[in-house]
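S.K.: What follows is a single structure, and I will ask about it in a moment.
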Amino acid sequence: MADPIIRYPYEGTGIRGFKDFAGAHTREHLVGLYRAMLRIRRIEEEIARQYHEDRMKTPIHLVIGQEASCVGCAAALEDTDLVYSSHRTHGAYLAKGGDLKAMLSELHCRANGCAGSRGGSMHLIDKRVGMAGTSAIVGGAVPIGTGAALALQMRGERGVVVVFLGDATTEEGVTSESLNFAALKRVPVIFFCENNFYSVQSPLATRQPERDLCRWAAGHAVPAVRVDGMNVLAVWDATRTAVARARTGGGPTFIETTVYRFRAHGGAADDSATGYRSEAERRAWEAVCPVALFGEYLRQADLLDAREVDTMERAIAAEIEEAFAFALASPEPVESDLYRHVYAD
Amino acid sequence: MPWDEGLVNSLVYDRPDPTEGRIVSYVQAINEALGLALECDPSVFVLGQGVDDPSAMFGTTRGLHERFGSSRVFDTPLSEEAMMGVAAGAAMNGMRPVYMHNRPDFILLAFNQLVTHAAKFHYMDNGQTNVPLVIWAAIGRGWGSGAQHSQAIQGLLLGVPGLKIVMPSTPLDAKGLLLSAILDNNPVCVFEHRWLMKKDGIVPAGFYRVPIGKAICRRPGRDVTIVGASHAIELALQAATRLAAEGIEAEIIDLRSIKPLDEGAILESLHKTGRVVVVDTGWMMGGVCAEVGCLVAERGYHDLKAPVARVGLPDIPTPAGYALEQYYYPDAARIAAAVTKVVRHGHEAPPTPVQAP
């Protein structure tokens with residue numbers, strides 16, 4: 001029996017929260033944000049639907065439920081800004097503009113995957129659009145992104161770096177070390193912490209004392225802000241502020257977005273029934289689904305109608321179908337590929 | 001990249017060191033390499049705990065922060081893992097960091113970033129990202145350094161694909177291999193030895209490189225091949241002098257790089273002498289001794305006139321006290337004894353069977 005108690009309730013303002021931020025956007029931009037979230041949702045759903053067929057032989061970590069966080073963040077960045085991410089890579093990669101066909105080829109272990117079938121789902125990369133790299137070790141990407149920001153600073157470039165991390169990443173010593181160094185050198189990096197309250201199946205309360213993650217970050221002299229991660233506009237706004245600070249030499253920012261993953265840590269299904277979190281808790285968060293909530297806001301504000309959504313859905317479905325077909329028709333690597341790129345010339 | 005023609009087309013020392021020329025200290029040779037790299041390439045920077053303090057990393061970084069500024073030569077927080085990641089991240093984005101540690105023991109704190117990140121990115125993303133990173137450290141020995149300040153960790157890293165490891169034995173090599181390491185587009189570990197830092201030697205002025213992955217013959221000989229690197233080569237040369245007095249001529253192969261390993265040079269010398277003694281500053285188990293020993297057994301079997309011998313550290317942590325250290329570390333006498341045994345193999349009394357305890 002699942003525990004009916006909601007340990008981590010949604011504390012945002014739901015649909016009312018959008019109007020505080022909507023003034024800064026054109027209609028096109030707002031609809032674009034919705035479309036980007038919807039697209040990621042549909043891609044993830046299709047990956048989940050086909051996963052049991054075992055053609056994608058790669059450990060997946062879906063972002064269903066967390067779309068507002070990655071889309072809101074990436075929308076505040078330019079192509080020349082860099083993103084480093086954790087194992088939960090799909091959202092950051094797609095939101096930053098990563099190529100869908102190359103991603104699905106990678107998931108299908110094909111030679112033309114974005115990492116040539118050496119990375120899989122946890123190591124999506126598209127350097128053309130600034131999706132610069134990932135680590136599948138919790139905390140691994142944090143100093144790498146900090147070092148990338150140091151390089152941008154030393155080279156006098158205007159780019160900023162965003163490192164995607166999770167709540168558990170703040171428990172790794174290297175994250176403290178990185179925040180300390182980033183603050184010391186005032187490097188242009190944003191530590192973008194998506195707090196989904198669970199590390200695999202371990203709740204935050206079994207891993208950390210009751211405290212505010214932002215106060216932890218601020219203890220490293222890094223300005224920190226917490227936002228409703230179900231609100232794409234709130235995330236965009238916080239990221240934009242942090243980007244402006246970083247670009248003007250003001251140094252790092254820590255952003256905590258409170259989010260919830262609707263599926264398991266890994267794989268295609270939800271695992272709430274195993275009892276580590278209650279189904280009531282998951283349902284409470286699903287009730288504030290970031291895609292549905294924003295779609296509803298846009299409809300109420302007369303910025304989007306059902307016909308437009310329908311057109312959008314068809315176009316996304318067609319793109320996904322084509323990309324899956326492309327991946328499945330793509331060549332497998334050959335044995336000689338194994339030996340390439342062990343060392344750089 | 002901005003390395004000028006002077007360096008790219010500079011001399012490559014793949015022959016024995018010159019016997020005449022400018023003599024400088026080992027420490028000065030390293031300092032010159034760092035200074036030249038910083039001077040000609042704005043993407044090179046040097047970081048590490050104390051690189052700008054009065055001790056200046058044994059003197060190797062002396063004056064560099066004054067010459068090149070504190071944004072290019074800087075002290076770091078005591079955050080080995082993060083700083084290894086920061087260096088790797090900077091290397092992945094157009095920089096060429098040289099991350100210095102005064103002991104390899106501290107690199108163990110950063111293994112996650114070195115082994116699982118820096119060494120893996122180029123392969124993991126299908127060659128899209130280079131990690132031109134140098135990790136420098138000086139192996140300690142003696143003065144009570146003990147179990148936590150004297151570890152020669154090269155054996156732990158031999159099995160990490162994507163890394164290169166160089167271990168110079170002369171001031172000329174220290175400068176030339178460090179310049180090659182900084183120029184290399186991969187993570188390269190440079191393991192120095194504290195005892196070599198007291199040496200002087202002939203070191204050409206200006207740019208030159210010692211190629212990574214090429215061994216060199218330090219002494220020709222017909223009876224036995226001694227293979228090793230770094231300080232072990234100095235001990236081997238001392239042993240060879242003693243052995244010559246007994247009529248045993250040892251050939252000494254200085255590996256210079258232990259990864260990639262110059263297998264051809266080892267096997268070629270074995271073909272000539274028929275006998276191999278492997279010497280190393282690290283542990284015999286799972287290290288350079290084990291790897292070279294296995295190579296010889298696997299690919300040089302038909303040239304072997306005697307079993308391979310290893311002279312390295314026993315499978316014991318390093319003791320701190322002086323008396324225990326004398327039993328622990330191999331010296332020239334122990335190398336000479338191992339060589340004598342190998343050369344006399346088959347000409348001695350049959351061994352007494354070992355009794356089970």
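Ligands are numbered from 1 in the order shown, chains are lettered A, B, ... in the order of the structure tokens, and residues start at 1 in each chain.
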Could you tell me which residues of chain B sit within 6 Å of chain A when counting only C-alpha atoms, and give me the result as an MDAnalysis selection string?
M.R.: chainID B and resid 79 82 85:87 89:90 93 123:127 162 185
S.K.: Just the residues within 10 Å of region 201-209 of chain A, please, counting only C-alpha atoms, with nothing from its chain fewer than 4 positions along; format it as a PDB file with C-alpha atoms, in the first residue's frame.
M.R.:
ATOM      1  CA  ARG A   7       6.049  14.421   1.957  1.00  0.00           C
ATOM      2  CA  TYR A   8       6.998  17.065  -0.594  1.00  0.00           C
ATOM      3  CA  ASP A 167      19.405  18.036  -5.279  1.00  0.00           C
ATOM      4  CA  ALA A 168      21.703  15.098  -4.434  1.00  0.00           C
ATOM      5  CA  THR A 170      24.750  19.298  -3.430  1.00  0.00           C
ATOM      6  CA  GLU A 171      25.797  16.387  -1.196  1.00  0.00           C
ATOM      7  CA  ASN A 195      15.426  19.746  -6.938  1.00  0.00           C
ATOM      8  CA  ASN A 196      13.081  16.819  -7.562  1.00  0.00           C
ATOM      9  CA  PHE A 197      13.349  15.691  -3.922  1.00  0.00           C
ATOM     10  CA  LEU A 213      19.451  24.536  -0.462  1.00  0.00           C
ATOM     11  CA  ALA A 264      11.058   6.481 -12.020  1.00  0.00           C
ATOM     12  CA  HIS A 265      14.678   7.571 -11.615  1.00  0.00           C
ATOM     13  CA  ASP A 271       7.802   3.311  -9.625  1.00  0.00           C
ATOM     14  CA  SER A 272       5.795   5.125  -6.936  1.00  0.00           C
ATOM     15  CA  THR A 274       7.140   0.461  -4.685  1.00  0.00           C
ATOM     16  CA  GLY A 275       6.434   2.713  -1.709  1.00  0.00           C
ATOM     17  CA  TYR A 276       9.395   5.098  -1.535  1.00  0.00           C
ATOM     18  CA  ARG A 277       7.044   7.945  -2.376  1.00  0.00           C
TER      19      ARG A 277
END
S.K.: Show me, as a ChimeraX atom specification, the residues that have an atom within 8 Å of Ile190 (chain A) when counting only C-alpha atoms, minus same-chain residues fewer than 5 positions from it.
M.R.: /A:160-163,242-243,246,252-255
S.K.: Create the file for the chosen residues now, containing C-alpha atoms and written as a CSV table (one decimal), in the first residue's frame.
M.R.:
chain,number,residue,atom,x,y,z
A,160,VAL,CA,28.2,31.9,-19.8
A,161,VAL,CA,28.0,28.3,-18.7
A,162,VAL,CA,25.1,26.5,-17.1
A,163,VAL,CA,25.6,23.3,-15.2
A,242,ALA,CA,21.8,35.1,-13.5
A,243,VAL,CA,23.0,35.3,-17.1
A,246,ALA,CA,27.6,36.3,-15.2
A,252,PRO,CA,28.2,32.7,-10.4
A,253,THR,CA,24.6,32.2,-9.4
A,254,PHE,CA,22.9,29.1,-7.8
A,255,ILE,CA,19.3,28.6,-9.0
S.K.: Can you tell me which residues surround Val46 (chain B) at a distance of at most 9 Å, considering only C-alpha atoms, apart from same-chain residues fewer than 2 positions away, and format the answer as a PyMOL selection string?
M.R.: chain B and resi 34+38+44+48+51+61+64-65+72-75+96-100
S.K.: In Å, with one decimal, what is the gap from CA of Asp315 (chain B) to CA of Ala137 (chain B)?
M.R.: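 So the two atoms, CA of Asp315 (chain B) and CA of Ala137 (chain B), lie 22.3 Å apart.
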S.K.: Applying 12 Å and only C-alpha atoms, which residues near Val188 (chain B) remain after dropping the ones on its own chain fewer than 3 positions away? List them as a PDB file with C-alpha atoms, in the first residue's frame.
M.R.:
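The resulting selection_36.pdb:
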ATOM      1  CA  TYR A 343      43.736   9.513 -28.056  1.00  0.00           C
ATOM      2  CA  ALA A 344      43.545  12.847 -29.812  1.00  0.00           C
TER       3      ALA A 344
ATOM      4  CA  ALA B  88      39.819  19.500 -17.431  1.00  0.00           C
ATOM      5  CA  ALA B  91      41.242  22.198 -21.294  1.00  0.00           C
ATOM      6  CA  ARG B  96      46.195  24.166 -21.835  1.00  0.00           C
ATOM      7  CA  PRO B  97      46.380  23.916 -18.055  1.00  0.00           C
ATOM      8  CA  VAL B  98      49.367  22.550 -16.172  1.00  0.00           C
ATOM      9  CA  TYR B  99      48.048  21.391 -12.809  1.00  0.00           C
ATOM     10  CA  MET B 100      50.896  20.867 -10.350  1.00  0.00           C
ATOM     11  CA  LEU B 114      41.232  12.380 -13.775  1.00  0.00           C
ATOM     12  CA  VAL B 115      40.240   8.788 -14.489  1.00  0.00           C
ATOM     13  CA  ALA B 118      39.505  13.866 -18.187  1.00  0.00           C
ATOM     14  CA  ALA B 119      40.677  10.539 -19.613  1.00  0.00           C
ATOM     15  CA  VAL B 131      41.509  17.496 -23.155  1.00  0.00           C
ATOM     16  CA  PRO B 132      45.040  18.944 -23.411  1.00  0.00           C
ATOM     17  CA  LEU B 133      45.786  18.792 -19.708  1.00  0.00           C
ATOM     18  CA  VAL B 134      49.097  18.250 -17.897  1.00  0.00           C
ATOM     19  CA  ILE B 135      49.088  16.814 -14.384  1.00  0.00           C
ATOM     20  CA  TRP B 136      52.482  17.179 -12.740  1.00  0.00           C
ATOM     21  CA  ALA B 137      53.652  15.720  -9.438  1.00  0.00           C
ATOM     22  CA  GLN B 154      51.978   5.273 -11.803  1.00  0.00           C
ATOM     23  CA  LEU B 157      47.086   4.724 -13.756  1.00  0.00           C
ATOM     24  CA  LEU B 158      48.709   2.355 -16.259  1.00  0.00           C
ATOM     25  CA  VAL B 160      43.484   3.861 -17.681  1.00  0.00           C
ATOM     26  CA  PRO B 161      42.868   4.226 -21.428  1.00  0.00           C
ATOM     27  CA  GLY B 162      43.121   7.798 -22.641  1.00  0.00           C
ATOM     28  CA  LEU B 163      45.934   8.845 -20.296  1.00  0.00           C
ATOM     29  CA  LYS B 164      49.600   9.244 -21.103  1.00  0.00           C
ATOM     30  CA  ILE B 165      52.267   8.995 -18.390  1.00  0.00           C
ATOM     31  CA  VAL B 166      55.835  10.253 -18.659  1.00  0.00           C
ATOM     32  CA  MET B 167      58.597   9.794 -16.089  1.00  0.00           C
ATOM     33  CA  LEU B 177      59.022  15.773 -21.949  1.00  0.00           C
ATOM     34  CA  LEU B 178      57.177  18.570 -20.124  1.00  0.00           C
ATOM     35  CA  LEU B 179      57.100  20.656 -23.309  1.00  0.00           C
ATOM     36  CA  SER B 180      55.825  17.618 -25.239  1.00  0.00           C
ATOM     37  CA  ALA B 181      53.192  17.037 -22.554  1.00  0.00           C
ATOM     38  CA  ILE B 182      51.965  20.642 -22.742  1.00  0.00           C
ATOM     39  CA  LEU B 183      51.816  20.404 -26.539  1.00  0.00           C
ATOM     40  CA  ASP B 184      49.950  17.089 -26.437  1.00  0.00           C
ATOM     41  CA  ASN B 185      46.187  17.125 -26.995  1.00  0.00           C
ATOM     42  CA  PHE B 191      55.673  12.063 -12.590  1.00  0.00           C
ATOM     43  CA  ILE B 212      56.278  10.807 -25.723  1.00  0.00           C
ATOM     44  CA  GLY B 213      56.152   7.049 -26.173  1.00  0.00           C
ATOM     45  CA  SER B 257      57.081   7.228 -21.083  1.00  0.00           C
ATOM     46  CA  ILE B 258      55.423   4.318 -19.348  1.00  0.00           C
ATOM     47  CA  LYS B 259      52.164   4.904 -21.243  1.00  0.00           C
ATOM     48  CA  PRO B 260      52.288   4.506 -24.171  1.00  0.00           C
TER      49      PRO B 260
END
S.K.: Write out as a PyMOL selection string all residues of region 40-277 of chain B that backbone DSSP assigns to helix (DSSP H, G or I).
M.R.: chain B and resi 40+57-59+64-68+80-91+104-118+121-124+146-149+154-158+171-183+194-198+231-245+263-273
S.K.: Mind writing the picked residues with C-alpha atoms as a compact mmCIF listing (two decimals), in the first residue's frame?
M.R.:
# COMPACT_ATOMS: atom_id res chain seq x y z
CA CYS B 40 54.56 31.41 -26.48
CA MET B 57 56.87 23.93 -6.04
CA PHE B 58 60.49 22.97 -5.26
CA GLY B 59 61.56 26.01 -7.30
CA LEU B 64 56.49 32.63 -13.13
CA HIS B 65 53.58 34.42 -11.45
CA GLU B 66 55.60 37.63 -11.49
CA ARG B 67 56.44 37.23 -15.17
CA PHE B 68 53.04 36.08 -16.40
CA GLU B 80 41.90 18.55 -5.52
CA GLU B 81 38.87 16.94 -7.15
CA ALA B 82 37.23 20.21 -8.16
CA MET B 83 40.49 21.69 -9.39
CA MET B 84 41.20 18.62 -11.53
CA GLY B 85 37.71 19.06 -12.99
CA VAL B 86 38.20 22.79 -13.44
CA ALA B 87 41.49 22.13 -15.23
CA ALA B 88 39.82 19.50 -17.43
CA GLY B 89 36.87 21.79 -18.17
CA ALA B 90 39.23 24.61 -19.12
CA ALA B 91 41.24 22.20 -21.29
CA PRO B 104 51.15 12.23 -6.36
CA ASP B 105 49.36 11.24 -3.14
CA PHE B 106 47.15 14.31 -3.59
CA ILE B 107 46.15 13.23 -7.09
CA LEU B 108 44.36 10.30 -5.48
CA LEU B 109 41.81 12.83 -4.19
CA ALA B 110 41.10 13.74 -7.80
CA PHE B 111 40.90 10.28 -9.36
CA ASN B 112 37.22 10.71 -10.21
CA GLN B 113 37.96 13.73 -12.37
CA LEU B 114 41.23 12.38 -13.78
CA VAL B 115 40.24 8.79 -14.49
CA THR B 116 36.49 8.99 -15.05
CA HIS B 117 36.31 12.40 -16.70
CA ALA B 118 39.50 13.87 -18.19
CA PHE B 121 35.71 12.64 -22.68
CA HIS B 122 37.53 12.39 -25.99
CA TYR B 123 36.46 8.79 -26.48
CA MET B 124 33.01 9.19 -24.93
CA GLY B 146 55.96 7.55 4.85
CA ALA B 147 52.82 5.90 3.59
CA GLN B 148 50.93 9.05 2.63
CA HIS B 149 53.62 11.31 1.16
CA GLN B 154 51.98 5.27 -11.80
CA GLY B 155 50.91 1.62 -11.60
CA LEU B 156 47.38 2.61 -10.62
CA LEU B 157 47.09 4.72 -13.76
CA LEU B 158 48.71 2.36 -16.26
CA PRO B 171 67.12 17.35 -16.61
CA LEU B 172 67.12 17.28 -20.43
CA ASP B 173 64.17 14.91 -20.43
CA ALA B 174 62.37 16.82 -17.68
CA LYS B 175 62.28 19.90 -19.90
CA GLY B 176 61.69 18.16 -23.21
CA LEU B 177 59.02 15.77 -21.95
CA LEU B 178 57.18 18.57 -20.12
CA LEU B 179 57.10 20.66 -23.31
CA SER B 180 55.83 17.62 -25.24
CA ALA B 181 53.19 17.04 -22.55
CA ILE B 182 51.97 20.64 -22.74
CA LEU B 183 51.82 20.40 -26.54
CA ARG B 194 62.18 14.26 -5.64
CA TRP B 195 65.64 12.74 -5.63
CA LEU B 196 66.25 13.64 -9.25
CA MET B 197 65.60 17.28 -8.44
CA LYS B 198 69.03 17.58 -6.85
CA HIS B 231 64.97 7.58 -10.50
CA ALA B 232 65.16 3.82 -11.06
CA ILE B 233 67.36 4.55 -14.08
CA GLU B 234 69.87 6.40 -11.90
CA LEU B 235 70.06 3.38 -9.61
CA ALA B 236 70.35 1.06 -12.60
CA LEU B 237 73.27 3.06 -13.97
CA GLN B 238 75.04 2.76 -10.62
CA ALA B 239 74.34 -0.97 -10.59
CA ALA B 240 75.65 -1.33 -14.15
CA THR B 241 78.97 0.25 -13.16
CA ARG B 242 79.40 -2.30 -10.35
CA LEU B 243 78.35 -5.17 -12.60
CA ALA B 244 80.85 -4.16 -15.27
CA ALA B 245 83.60 -4.76 -12.70
CA GLU B 263 57.32 -2.20 -26.57
CA GLY B 264 59.60 -2.37 -29.62
CA ALA B 265 62.58 -0.93 -27.75
CA ILE B 266 62.18 -3.43 -24.90
CA LEU B 267 61.78 -6.44 -27.16
CA GLU B 268 64.64 -5.38 -29.41
CA SER B 269 67.02 -5.13 -26.46
CA LEU B 270 65.79 -8.45 -25.08
CA HIS B 271 66.47 -10.04 -28.45
CA LYS B 272 70.09 -8.92 -28.08
CA THR B 273 70.67 -9.80 -24.40
S.K.: Taking the DSSP secondary structure from the backbone, can you list the residues of region 220-347 of chain B that are strand (DSSP E or B), as number ranges by chain?
M.R.: B: 224-228, 250-254, 257-259, 276-283, 309-313
S.K.: Using only C-alpha atoms, which protein or nucleic acid residues come within 6 Å of region 276-279 of chain B? Drop anything in the same chain fewer than 4 positions from it, and give the result as a VMD selection string.
M.R.: chain B and resid 224 to 228 232 289 308 to 312
S.K.: Give me the residues within 6 Å of region 288-290 of chain A as a count of residues only, counting only C-alpha atoms and dropping any in the same chain fewer than 3 places off.
M.R.: 4
S.K.: Looking at B:Tyr322, B:Gly142, B:Met284, B:Asp254, which one is nearest to Arg219 (chain B), with distances taken over only C-alpha atoms?
M.R.: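 Distance minimum relative to Arg219 (chain B) lands on B:Asp254.
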